file model_13.txt (compact mmCIF, C-alpha atoms (C1' of nucleotides))
# COMPACT_ATOMS: atom_id res chain seq x y z
CA MET A 295 -4.29 -16.87 -21.25
CA ASN A 296 -3.62 -17.93 -24.83
CA SER A 297 -0.91 -15.44 -25.61
CA GLY A 298 1.24 -18.15 -27.11
CA SER A 299 -1.20 -20.55 -28.68
CA VAL A 300 -2.52 -19.84 -32.15
CA GLY A 301 -6.24 -19.41 -31.55
CA ARG A 302 -9.18 -19.14 -33.80
CA GLY A 303 -9.96 -15.46 -34.03
CA ARG A 304 -8.03 -12.23 -34.17
CA PRO A 305 -4.75 -12.58 -32.33
CA ARG A 306 -3.96 -10.43 -29.37
CA SER A 307 -1.89 -7.39 -30.23
CA VAL A 308 1.59 -7.65 -28.76
CA GLU A 309 2.20 -3.99 -29.53
CA ARG A 310 -0.78 -2.92 -27.46
CA ARG A 311 0.30 -5.19 -24.59
CA ARG A 312 3.79 -3.67 -24.73
CA ALA A 313 2.41 -0.15 -24.84
CA ILE A 314 0.19 -0.87 -21.83
CA LEU A 315 2.95 -2.39 -19.71
CA ASP A 316 5.30 0.46 -20.60
CA ALA A 317 2.69 3.13 -19.97
CA ALA A 318 1.89 1.64 -16.57
CA ALA A 319 5.55 1.57 -15.55
CA GLU A 320 6.18 5.12 -16.77
CA LEU A 321 3.17 6.45 -14.93
CA ALA A 322 4.06 4.58 -11.75
CA LEU A 323 7.64 5.85 -11.84
CA GLY A 324 6.43 9.42 -12.18
CA SER A 325 4.18 9.31 -9.16
CA GLN A 326 3.85 8.06 -5.61
CA THR A 327 0.49 6.46 -6.21
CA LEU A 328 -0.58 3.57 -8.41
CA PRO A 329 -1.67 4.75 -11.85
CA THR A 330 -5.37 4.44 -12.61
CA MET A 331 -6.65 2.13 -15.31
CA ASP A 332 -7.90 5.24 -17.04
CA ALA A 333 -4.51 6.90 -17.10
CA ILE A 334 -2.76 3.77 -18.34
CA ALA A 335 -5.26 3.34 -21.15
CA THR A 336 -4.97 6.94 -22.22
CA ARG A 337 -1.18 6.94 -22.11
CA ALA A 338 -0.96 3.65 -24.00
CA GLY A 339 -3.43 4.90 -26.59
CA VAL A 340 -5.72 2.00 -25.89
CA SER A 341 -9.33 1.67 -24.84
CA ARG A 342 -10.14 1.07 -21.21
CA THR A 343 -12.15 -1.97 -22.18
CA THR A 344 -9.01 -3.68 -23.44
CA LEU A 345 -7.28 -3.17 -20.12
CA TYR A 346 -10.10 -4.66 -18.10
CA LYS A 347 -10.22 -7.59 -20.48
CA TRP A 348 -6.69 -8.71 -19.66
CA TRP A 349 -5.98 -7.36 -16.19
CA PRO A 350 -8.16 -6.93 -13.12
CA SER A 351 -6.32 -3.88 -11.77
CA SER A 352 -3.50 -1.47 -12.43
CA ALA A 353 -1.44 -3.34 -9.86
CA ALA A 354 -1.74 -6.47 -11.97
CA VAL A 355 -0.53 -4.58 -15.03
CA LEU A 356 2.40 -3.17 -13.12
CA LEU A 357 3.30 -6.54 -11.66
CA GLU A 358 3.31 -8.26 -15.04
CA GLY A 359 5.61 -5.59 -16.40
CA LEU A 360 7.92 -5.86 -13.41
CA LEU A 361 8.19 -9.62 -13.56
CA GLU A 362 8.81 -9.56 -17.30
CA ARG A 363 11.50 -6.93 -16.99
CA PHE A 364 13.34 -8.36 -14.01
CA HIS A 365 12.71 -12.08 -14.28
CA ALA A 366 16.42 -12.69 -14.78
CA SER A 367 17.53 -10.72 -11.76
CA ILE A 368 18.25 -13.62 -9.45
CA GLU A 369 21.94 -14.22 -8.86
CA PHE A 370 22.59 -17.92 -8.85
CA ASP A 371 26.19 -19.07 -8.98
CA ASP A 372 27.08 -22.43 -7.46
CA ASP A 373 30.75 -21.94 -8.25
CA LEU A 374 31.06 -19.20 -5.68
CA PRO A 375 31.74 -19.99 -2.04
CA VAL A 376 28.50 -20.04 -0.03
CA ARG A 377 29.08 -16.75 1.73
CA ALA A 378 30.07 -14.99 -1.49
CA ALA A 379 27.04 -16.39 -3.26
CA LEU A 380 24.68 -15.19 -0.55
CA THR A 381 26.35 -11.81 -0.37
CA ALA A 382 26.03 -11.49 -4.13
CA GLN A 383 22.31 -12.24 -3.93
CA VAL A 384 21.68 -9.66 -1.24
CA ASP A 385 23.90 -7.19 -3.06
CA ALA A 386 21.99 -7.72 -6.30
CA LEU A 387 18.76 -7.01 -4.48
CA VAL A 388 20.11 -3.87 -2.85
CA HIS A 389 21.22 -2.47 -6.19
CA LEU A 390 17.99 -3.54 -7.85
CA LEU A 391 15.96 -1.73 -5.23
CA ARG A 392 18.15 1.35 -5.27
CA ASP A 393 19.34 1.76 -8.84
CA THR A 394 16.59 0.37 -11.05
CA PRO A 395 12.89 1.09 -11.48
CA ALA A 396 12.23 -2.18 -9.67
CA GLY A 397 12.59 -0.43 -6.33
CA ARG A 398 9.90 2.15 -6.93
CA LEU A 399 7.64 -0.35 -8.64
CA LEU A 400 8.01 -2.84 -5.81
CA ARG A 401 7.18 -0.18 -3.24
CA GLN A 402 3.88 0.50 -4.94
CA LEU A 403 3.16 -3.18 -5.46
CA MET A 404 3.85 -3.96 -1.82
CA SER A 405 1.44 -1.19 -0.91
CA ALA A 406 -1.17 -2.68 -3.23
CA SER A 407 -0.50 -6.17 -1.86
CA ILE A 408 -1.74 -5.15 1.54
CA THR A 409 -5.16 -4.19 0.25
CA ASP A 410 -5.41 -6.66 -2.63
CA ALA A 411 -5.03 -10.36 -1.91
CA ALA A 412 -4.57 -11.31 -5.56
CA THR A 413 -1.63 -8.97 -5.94
CA ALA A 414 -0.21 -10.22 -2.67
CA THR A 415 -0.32 -13.84 -3.79
CA ALA A 416 1.18 -13.09 -7.18
CA LEU A 417 3.94 -10.94 -5.75
CA LEU A 418 4.81 -13.49 -3.11
CA ASP A 419 4.77 -16.46 -5.50
CA GLN A 420 6.48 -14.84 -8.45
CA TRP A 421 8.80 -12.31 -6.87
CA MET A 422 9.61 -13.26 -3.30
CA GLU A 423 9.55 -17.04 -3.23
CA PRO A 424 11.93 -17.62 -6.16
CA ARG A 425 14.45 -15.34 -4.48
CA ARG A 426 13.99 -16.92 -1.10
CA HIS A 427 14.34 -20.32 -2.66
CA ALA A 428 17.58 -19.37 -4.40
CA ALA A 429 19.04 -18.20 -1.11
CA ILE A 430 17.88 -21.30 0.73
CA HIS A 431 19.55 -23.35 -1.95
CA HIS A 432 22.92 -21.87 -1.05
CA LEU A 433 22.33 -22.35 2.65
CA GLU A 434 21.52 -26.01 2.10
CA ARG A 435 24.54 -26.33 -0.12
CA GLY A 436 26.56 -24.88 2.75
CA MET A 437 25.12 -27.41 5.16
CA THR A 438 25.93 -30.23 2.76
CA ILE A 439 29.58 -29.27 2.49
CA GLY A 440 29.76 -28.67 6.23
CA GLU A 441 30.27 -24.94 6.03
CA ILE A 442 26.93 -24.01 7.56
CA ARG A 443 25.87 -25.42 10.88
CA PRO A 444 23.40 -28.28 10.45
CA GLY A 445 19.92 -27.59 11.74
CA THR A 446 20.11 -23.93 10.78
CA ASP A 447 16.69 -22.30 10.40
CA THR A 448 17.08 -21.38 6.76
CA ALA A 449 13.78 -19.48 6.56
CA LEU A 450 14.88 -17.27 9.43
CA VAL A 451 18.35 -16.68 8.04
CA VAL A 452 16.96 -15.72 4.66
CA ASP A 453 14.66 -13.21 6.32
CA ALA A 454 17.52 -11.82 8.35
CA LEU A 455 19.56 -11.38 5.17
CA PHE A 456 16.90 -9.83 2.94
CA ALA A 457 14.46 -8.12 5.29
CA PRO A 458 16.74 -5.15 6.10
CA ALA A 459 16.90 -4.15 2.43
CA TYR A 460 13.12 -4.27 1.99
CA HIS A 461 12.71 -2.57 5.34
CA ARG A 462 14.84 0.37 4.25
CA LEU A 463 13.07 0.51 0.91
CA ILE A 464 9.71 0.78 2.65
CA TRP A 465 10.49 3.04 5.57
CA GLY A 466 13.27 5.08 4.02
CA HIS A 467 14.84 5.65 7.44
CA ALA A 468 18.30 4.59 6.29
CA PRO A 469 20.02 4.35 2.91
CA LEU A 470 20.56 1.24 0.82
CA ASP A 471 24.34 1.52 1.08
CA ASP A 472 26.77 -0.17 -1.28
CA ASP A 473 28.14 -2.25 1.57
CA LEU A 474 24.78 -3.13 3.11
CA ALA A 475 24.82 -6.66 1.71
CA GLU A 476 28.32 -7.32 2.93
CA HIS A 477 27.59 -5.97 6.40
CA VAL A 478 24.35 -7.89 6.77
CA CYS A 479 26.08 -11.12 5.82
CA ALA A 480 28.89 -10.40 8.23
CA LEU A 481 26.33 -9.85 10.96
CA VAL A 482 24.70 -13.22 10.45
CA TRP A 483 27.68 -15.31 9.49
CA PRO A 484 29.25 -16.09 12.87
CA ALA A 485 25.97 -17.57 14.10
CA ILE A 486 25.49 -20.00 11.25
CA THR A 487 29.00 -21.26 10.54
CA THR A 488 30.43 -24.36 12.10
CA MET B 16 -4.11 22.15 17.51
CA ASN B 17 -5.68 23.64 20.62
CA SER B 18 -7.07 20.44 22.08
CA GLY B 19 -5.63 21.28 25.46
CA SER B 20 -5.76 25.04 25.69
CA VAL B 21 -8.99 26.69 26.77
CA GLY B 22 -9.95 28.68 23.70
CA ARG B 23 -12.51 31.32 23.07
CA GLY B 24 -15.33 29.54 21.33
CA ARG B 25 -17.08 26.20 21.60
CA PRO B 26 -14.66 23.56 22.83
CA ARG B 27 -13.91 20.52 20.72
CA SER B 28 -15.98 17.50 21.60
CA VAL B 29 -13.82 14.78 23.11
CA GLU B 30 -16.67 12.28 22.72
CA ARG B 31 -16.83 12.85 18.99
CA ARG B 32 -13.07 12.54 18.67
CA ARG B 33 -13.20 9.26 20.59
CA ALA B 34 -16.08 7.99 18.47
CA ILE B 35 -14.20 8.85 15.30
CA LEU B 36 -10.93 7.19 16.34
CA ASP B 37 -12.82 4.09 17.48
CA ALA B 38 -14.96 3.93 14.36
CA ALA B 39 -11.88 4.19 12.16
CA ALA B 40 -10.11 1.38 14.00
CA GLU B 41 -13.16 -0.88 13.95
CA LEU B 42 -13.69 -0.35 10.24
CA ALA B 43 -10.02 -0.92 9.48
CA LEU B 44 -9.93 -4.12 11.48
CA GLY B 45 -12.93 -5.46 9.62
CA SER B 46 -11.45 -4.94 6.19
CA GLN B 47 -8.30 -5.19 4.15
CA THR B 48 -8.56 -1.66 2.82
CA LEU B 49 -8.40 1.69 4.54
CA PRO B 50 -11.83 2.93 5.57
CA THR B 51 -13.18 5.92 3.68
CA MET B 52 -13.79 9.21 5.37
CA ASP B 53 -17.44 8.70 4.55
CA ALA B 54 -17.64 5.35 6.30
CA ILE B 55 -15.84 6.64 9.38
CA ALA B 56 -18.15 9.63 9.66
CA THR B 57 -21.26 7.50 9.27
CA ARG B 58 -20.10 4.92 11.78
CA ALA B 59 -19.06 7.54 14.29
CA GLY B 60 -22.35 9.36 13.84
CA VAL B 61 -20.56 12.53 12.88
CA SER B 62 -20.64 14.78 9.87
CA ARG B 63 -18.00 14.39 7.22
CA THR B 64 -17.16 18.05 7.55
CA THR B 65 -15.96 17.48 11.08
CA LEU B 66 -13.59 14.78 9.94
CA TYR B 67 -12.02 16.91 7.26
CA LYS B 68 -11.67 19.72 9.74
CA TRP B 69 -9.34 17.74 12.01
CA TRP B 70 -7.73 15.13 9.78
CA PRO B 71 -6.56 15.23 6.16
CA SER B 72 -7.21 11.56 5.47
CA SER B 73 -8.51 8.33 6.94
CA ALA B 74 -4.91 7.20 7.35
CA ALA B 75 -4.29 10.17 9.61
CA VAL B 76 -7.31 9.24 11.73
CA LEU B 77 -6.14 5.68 11.99
CA LEU B 78 -2.60 6.69 12.86
CA GLU B 79 -3.71 9.00 15.64
CA GLY B 80 -5.78 6.21 17.13
CA LEU B 81 -2.93 3.73 16.87
CA LEU B 82 -0.40 6.01 18.50
CA GLU B 83 -2.77 6.90 21.30
CA ARG B 84 -3.61 3.28 22.00
CA PHE B 85 -0.08 1.88 21.82
CA HIS B 86 2.08 4.77 22.90
CA ALA B 87 3.22 2.83 25.94
CA SER B 88 4.22 -0.27 24.05
CA ILE B 89 7.96 0.26 24.09
CA GLU B 90 9.80 -2.08 26.41
CA PHE B 91 12.52 -0.15 28.19
CA ASP B 92 14.25 -1.81 31.10
CA ASP B 93 17.83 -0.81 31.92
CA ASP B 94 18.00 -3.33 34.74
CA LEU B 95 17.94 -6.21 32.30
CA PRO B 96 21.13 -7.47 30.69
CA VAL B 97 21.60 -5.98 27.24
CA ARG B 98 20.71 -9.10 25.34
CA ALA B 99 17.62 -9.75 27.44
CA ALA B 100 16.51 -6.15 27.05
CA LEU B 101 16.85 -6.28 23.26
CA THR B 102 15.15 -9.64 23.06
CA ALA B 103 12.30 -8.29 25.17
CA GLN B 104 11.90 -5.36 22.79
CA VAL B 105 11.76 -7.55 19.70
CA ASP B 106 9.49 -9.97 21.48
CA ALA B 107 7.13 -7.18 22.49
CA LEU B 108 6.95 -6.10 18.86
CA VAL B 109 6.29 -9.61 17.61
CA HIS B 110 3.41 -10.06 20.01
CA LEU B 111 2.09 -6.58 19.28
CA LEU B 112 2.05 -7.30 15.57
CA ARG B 113 0.56 -10.73 15.97
CA ASP B 114 -1.81 -10.53 18.92
CA THR B 115 -3.15 -6.99 18.99
CA PRO B 116 -4.96 -4.77 16.51
CA ALA B 117 -1.69 -2.88 16.07
CA GLY B 118 -0.53 -5.44 13.53
CA ARG B 119 -3.46 -5.05 11.17
CA LEU B 120 -3.55 -1.30 11.65
CA LEU B 121 0.16 -0.98 10.96
CA ARG B 122 -0.15 -3.03 7.79
CA GLN B 123 -2.70 -0.63 6.42
CA LEU B 124 -0.76 2.41 7.58
CA MET B 125 2.42 1.13 5.98
CA SER B 126 0.47 0.67 2.79
CA ALA B 127 -0.82 4.21 3.04
CA SER B 128 2.67 5.50 3.86
CA ILE B 129 3.92 4.48 0.46
CA THR B 130 1.43 6.65 -1.35
CA ASP B 131 1.10 9.44 1.21
CA ALA B 132 4.21 11.29 2.32
CA ALA B 133 2.54 12.89 5.33
CA THR B 134 1.51 9.53 6.73
CA ALA B 135 4.98 8.18 6.02
CA THR B 136 6.65 10.97 7.95
CA ALA B 137 4.28 10.70 10.89
CA LEU B 138 4.55 6.94 11.07
CA LEU B 139 8.33 7.03 10.87
CA ASP B 140 8.72 9.81 13.43
CA GLN B 141 6.13 8.67 15.91
CA TRP B 142 6.15 4.91 15.58
CA MET B 143 9.41 3.69 14.15
CA GLU B 144 12.00 6.13 15.42
CA PRO B 145 11.11 5.93 19.12
CA ARG B 146 11.39 2.14 18.93
CA ARG B 147 14.63 2.27 16.99
CA HIS B 148 15.99 4.76 19.47
CA ALA B 149 15.08 2.58 22.43
CA ALA B 150 16.94 -0.33 20.87
CA ILE B 151 19.94 1.78 20.00
CA HIS B 152 20.00 2.92 23.61
CA HIS B 153 20.56 -0.64 24.79
CA LEU B 154 23.22 -1.25 22.16
CA GLU B 155 25.11 1.83 23.29
CA ARG B 156 24.71 0.78 26.88
CA GLY B 157 26.22 -2.55 25.87
CA MET B 158 29.16 -0.79 24.25
CA THR B 159 29.70 1.32 27.33
CA ILE B 160 29.90 -1.68 29.64
CA GLY B 161 32.06 -3.54 27.15
CA GLU B 162 29.54 -6.19 26.28
CA ILE B 163 28.97 -5.07 22.71
CA ARG B 164 31.89 -4.63 20.35
CA PRO B 165 32.84 -0.97 19.97
CA GLY B 166 32.26 0.47 16.53
CA THR B 167 29.15 -1.65 15.99
CA ASP B 168 26.82 -0.23 13.34
CA THR B 169 23.85 0.23 15.63
CA ALA B 170 21.49 1.31 12.84
CA LEU B 171 22.21 -1.88 10.95
CA VAL B 172 21.88 -4.12 13.99
CA VAL B 173 18.54 -2.57 14.88
CA ASP B 174 17.29 -3.21 11.36
CA ALA B 175 18.53 -6.78 11.49
CA LEU B 176 16.67 -7.30 14.75
CA PHE B 177 13.35 -5.70 13.84
CA ALA B 178 13.08 -5.98 10.08
CA PRO B 179 12.25 -9.71 10.02
CA ALA B 180 9.15 -9.15 12.13
CA TYR B 181 7.84 -6.34 9.91
CA HIS B 182 8.85 -8.36 6.87
CA ARG B 183 6.71 -11.29 7.95
CA LEU B 184 3.85 -8.98 8.85
CA ILE B 185 3.89 -7.50 5.36
CA TRP B 186 4.55 -10.53 3.20
CA GLY B 187 2.92 -13.17 5.34
CA HIS B 188 5.27 -15.82 4.00
CA ALA B 189 6.20 -17.08 7.46
CA PRO B 190 4.58 -16.86 10.88
CA LEU B 191 5.43 -14.51 13.73
CA ASP B 192 6.48 -17.33 16.01
CA ASP B 193 6.74 -17.08 19.77
CA ASP B 194 10.45 -17.69 19.61
CA LEU B 195 11.15 -15.40 16.66
CA ALA B 196 12.62 -12.67 18.86
CA GLU B 197 14.90 -15.05 20.67
CA HIS B 198 16.11 -16.66 17.46
CA VAL B 199 16.74 -13.36 15.71
CA CYS B 200 18.79 -12.13 18.66
CA ALA B 201 20.73 -15.37 18.73
CA LEU B 202 21.47 -14.94 15.05
CA VAL B 203 22.95 -11.50 15.49
CA TRP B 204 24.57 -11.85 18.87
CA PRO B 205 27.84 -13.62 18.03
CA ALA B 206 28.74 -10.88 15.54
CA ILE B 207 28.33 -7.99 17.94
CA THR B 208 29.70 -9.31 21.22
CA THR B 209 33.28 -8.85 22.29
C1' DC C 24 -24.79 41.06 24.98
C1' DA C 25 -20.82 40.26 21.07
C1' DT C 26 -17.42 37.20 19.49
C1' DA C 27 -15.33 33.05 18.35
C1' DT C 28 -14.96 28.27 17.46
C1' DA C 29 -17.24 23.54 16.75
C1' DG C 30 -20.39 20.79 14.44
C1' DT C 31 -24.28 19.82 10.95
C1' DG C 32 -26.35 18.66 6.58
C1' DA C 33 -26.70 19.43 2.04
C1' DA C 34 -24.86 20.38 -2.23
C1' DC C 35 -21.25 20.38 -5.69
C1' DA C 36 -17.65 19.16 -9.39
C1' DA C 37 -14.18 16.05 -10.31
C1' DT C 38 -12.35 11.31 -10.62
C1' DA C 39 -12.38 6.24 -10.70
C1' DT C 40 -14.47 2.15 -10.94
C1' DG C 41 -16.41 -1.75 -13.25
C1' DT C 42 -19.67 -3.16 -16.56
C1' DC C 43 -22.35 -3.10 -20.75
C1' DC C 44 -23.34 -2.83 -25.74
C1' DA C 45 -23.02 -2.04 -30.61
C1' DT C 46 -19.61 -1.85 -33.91
C1' DG C 47 -15.56 -2.82 -36.53
C1' DA C 48 -11.05 -5.40 -37.33
C1' DA C 49 -8.15 -9.49 -37.95
C1' DT C 50 -7.64 -14.21 -38.17
C1' DT C 51 -8.84 -19.42 -38.90
C1' DC C 52 -11.73 -23.05 -40.64
C1' DG C 53 -14.84 -25.28 -43.95
C1' DC D 250 -15.29 -16.89 -50.51
C1' DG D 251 -18.18 -16.94 -46.28
C1' DA D 252 -18.85 -18.17 -41.47
C1' DA D 253 -17.24 -18.35 -37.06
C1' DT D 254 -14.30 -16.48 -33.55
C1' DT D 255 -11.67 -13.52 -30.90
C1' DC D 256 -9.77 -8.81 -30.23
C1' DA D 257 -10.32 -3.95 -29.83
C1' DT D 258 -12.93 0.44 -29.83
C1' DG D 259 -15.73 4.11 -27.95
C1' DG D 260 -19.42 5.56 -25.70
C1' DA D 261 -22.59 5.17 -22.05
C1' DC D 262 -23.96 4.04 -17.46
C1' DA D 263 -24.58 3.62 -12.25
C1' DT D 264 -21.88 3.91 -8.24
C1' DA D 265 -18.58 5.58 -5.03
C1' DT D 266 -15.18 8.71 -3.00
C1' DT D 267 -12.96 12.94 -2.67
C1' DG D 268 -12.43 17.55 -1.04
C1' DT D 269 -14.68 21.85 -0.77
C1' DT D 270 -18.33 25.26 0.07
C1' DC D 271 -22.36 27.28 2.28
C1' DA D 272 -25.87 28.51 5.47
C1' DC D 273 -27.11 27.20 9.79
C1' DT D 274 -27.04 25.79 14.64
C1' DA D 275 -24.59 24.92 19.15
C1' DT D 276 -21.60 26.11 22.93
C1' DA D 277 -18.12 28.32 24.90
C1' DT D 278 -15.54 33.13 26.65
C1' DG D 279 -15.29 38.11 27.88

call {"tool": "encode", "arguments": {"input": "model_13.txt", "output": "structure tokens"}}
result
Amino acid sequence: MNSGSVGRGRPRSVERRRAILDAAAELALGSQTLPTMDAIATRAGVSRTTLYKWWPSSAAVLLEGLLERFHASIEFDDDLPVRAALTAQVDALVHLLRDTPAGRLLRQLMSASITDAATATALLDQWMEPRRHAAIHHLERGMTIGEIRPGTDTALVVDALFAPAYHRLIWGHAPLDDDLAEHVCALVWPAITT
Amino acid sequence: MNSGSVGRGRPRSVERRRAILDAAAELALGSQTLPTMDAIATRAGVSRTTLYKWWPSSAAVLLEGLLERFHASIEFDDDLPVRAALTAQVDALVHLLRDTPAGRLLRQLMSASITDAATATALLDQWMEPRRHAAIHHLERGMTIGEIRPGTDTALVVDALFAPAYHRLIWGHAPLDDDLAEHVCALVWPAITT
DNA sequence: CATATAGTGAACAATATGTCCATGAATTCG
DNA sequence: CGAATTCATGGACATATTGTTCACTATATG
């Protein structure tokens, strides 16, 4: 709430917040299941009461840590050609999901999203939509310069580009290959170019 | 285990099994979260011990019910042209996810899959793989008759076709439109035809 | 009959949850 | 300084779910 403003009473401890976010991430990465509030508190060396004061659930703790750690992970380069820019975005996601903790954390958060509407809203608004919007931006740029066919269903194209990566993250039926982004873009490209 | 074979002792009650599967589905459909073993047992009018005897978790109960109810939901028509056959498969999935209980049940099972390896394996083997295989069949048929470009990455194409539907089911950021299947196929088609 | 398997109901320990309260700690304002 | 305010602690509490165990009853086969 008032993390930034200088309030009246004792200021919130940034160290404890850090310790909590880190503990949550470490616990989540070492397990298939969401950490419990209890386990996070113990690991962070903090009382359970403090956790419940600032977060409603362990998923909320995890999400805040994820967003803070990967907020700058959206590729956004208007100097690149449209196809290269889109490929770079999908490629960044593929590597994020495969090679960083974000993949494992997102898996658990997506699981939590299904049973917890608050997590679902937060994850959609703060993780998914910014990335979708960045991709749509390039598609609209492509339509402006006449490279992408006008009238293209950008929402659909974005899903076609990104869904396979999330799909493989969730189901694990096929690997997140290095060339997945390139191949997915190649698959969609002929249908959307003029 | 021995559901079919005529064993030595008291035979398993098919009525109780039915009541349990139905109770689990009803509870799941009326809630965002997986039902508890307790709730299923109570609703089915059965002792909790019986549940634990036959299923390890409520997700397993739910999955068995889902597979039994929708085992025949794979469109498979070799008389159709390849593109029509694939579109029909995607379209069947879209309507299944949107208009039948399968959608809500699958959401919860996918959530459970992330935290429970046994559920993940069962769901992948018994739900996802048969559908993927049916789609790959048509793609290979298309390659044989020279309609689909040889060397096509069938695994990737199948993901591109089906992932958007699951993606929208999970994230809920866009609707499962009536024409989603058609549009997704149209998006992929130019890249895979000869 | 004996034997074997299914189902019941109750109990149990172990975990989590979410909330409460009394207390102490750190900071600002008058 | 003292008062007000907010943060943090630790313990307690009722509640719920899990997974197992046990003694018992029910229904089948040979």

call {"tool": "interface_residues", "arguments": {"input": "model_13.txt", "of": "chain B", "to": "chain C", "cutoff": "7 Å", "atoms": "all atoms listed in the file", "output": "ChimeraX atom specification"}}
result
/B:23-27,62,65

call {"tool": "interface_residues", "arguments": {"input": "model_13.txt", "of": "chain D", "to": "chain A", "cutoff": "7 Å", "atoms": "only C-alpha atoms (C1' of nucleotides)", "output": "PDB file with C-alpha atoms (C1' of nucleotides), in the coordinates of the input"}}
result
ATOM      1  C1'  DT D 254     -14.300 -16.480 -33.550  1.00  0.00           C
ATOM      2  C1'  DT D 255     -11.670 -13.520 -30.900  1.00  0.00           C
ATOM      3  C1'  DC D 256      -9.770  -8.810 -30.230  1.00  0.00           C
ATOM      4  C1'  DA D 257     -10.320  -3.950 -29.830  1.00  0.00           C
ATOM      5  C1'  DT D 258     -12.930   0.440 -29.830  1.00  0.00           C
TER       6       DT D 258
END

call {"tool": "residues_around", "arguments": {"input": "model_13.txt", "residues": "Leu77 in chain B", "least_positions_apart": "6", "cutoff": "8 Å", "atoms": "only C-alpha atoms (C1' of nucleotides)", "output": "VMD selection string"}}
result
chain B and resid 36 39 to 40 120 124

call {"tool": "atom_distance", "arguments": {"input": "model_13.txt", "atom1": "CA of Asp106 in chain B", "atom2": "CA of Glu197 in chain B"}}
result
7.5 Å

call {"tool": "axis_aligned_box", "arguments": {"input": "model_13.txt", "around": "range 42-59 of chain B", "padding_each_side": "3 Å", "output": "JSON"}}
result
{"center_x": -14.8, "center_y": 2.1, "center_z": 8.6, "size_x": 19.0, "size_y": 21.1, "size_z": 17.5}

call {"tool": "residues_around", "arguments": {"input": "model_13.txt", "residues": "Ala54 in chain B", "least_positions_apart": "4", "cutoff": "8 Å", "atoms": "all atoms listed in the file", "output": "PyMOL selection string"}}
result
chain B and resi 42+50+58

call {"tool": "closest_residue", "arguments": {"input": "model_13.txt", "among": "B:Ala103, B:Ala117, B:Met158, B:Ala137", "to": "Cys200 in chain B", "atoms": "only C-alpha atoms"}}
result
B:Ala103

call {"tool": "residues_around", "arguments": {"input": "model_13.txt", "residues": "Phe370 in chain A", "least_positions_apart": "5", "cutoff": "10 Å", "atoms": "all atoms listed in the file", "output": "PyMOL selection string"}}
result
chain A and resi 379-380+382-383+425+428-429+431-432

call {"tool": "atom_distance", "arguments": {"input": "model_13.txt", "atom1": "CA of Thr446 in chain A", "atom2": "CA of Thr209 in chain B"}}
result
23.1 Å

call {"tool": "atom_distance", "arguments": {"input": "model_13.txt", "atom1": "CA of Leu191 in chain B", "atom2": "CA of His427 in chain A"}}
result
19.5 Å
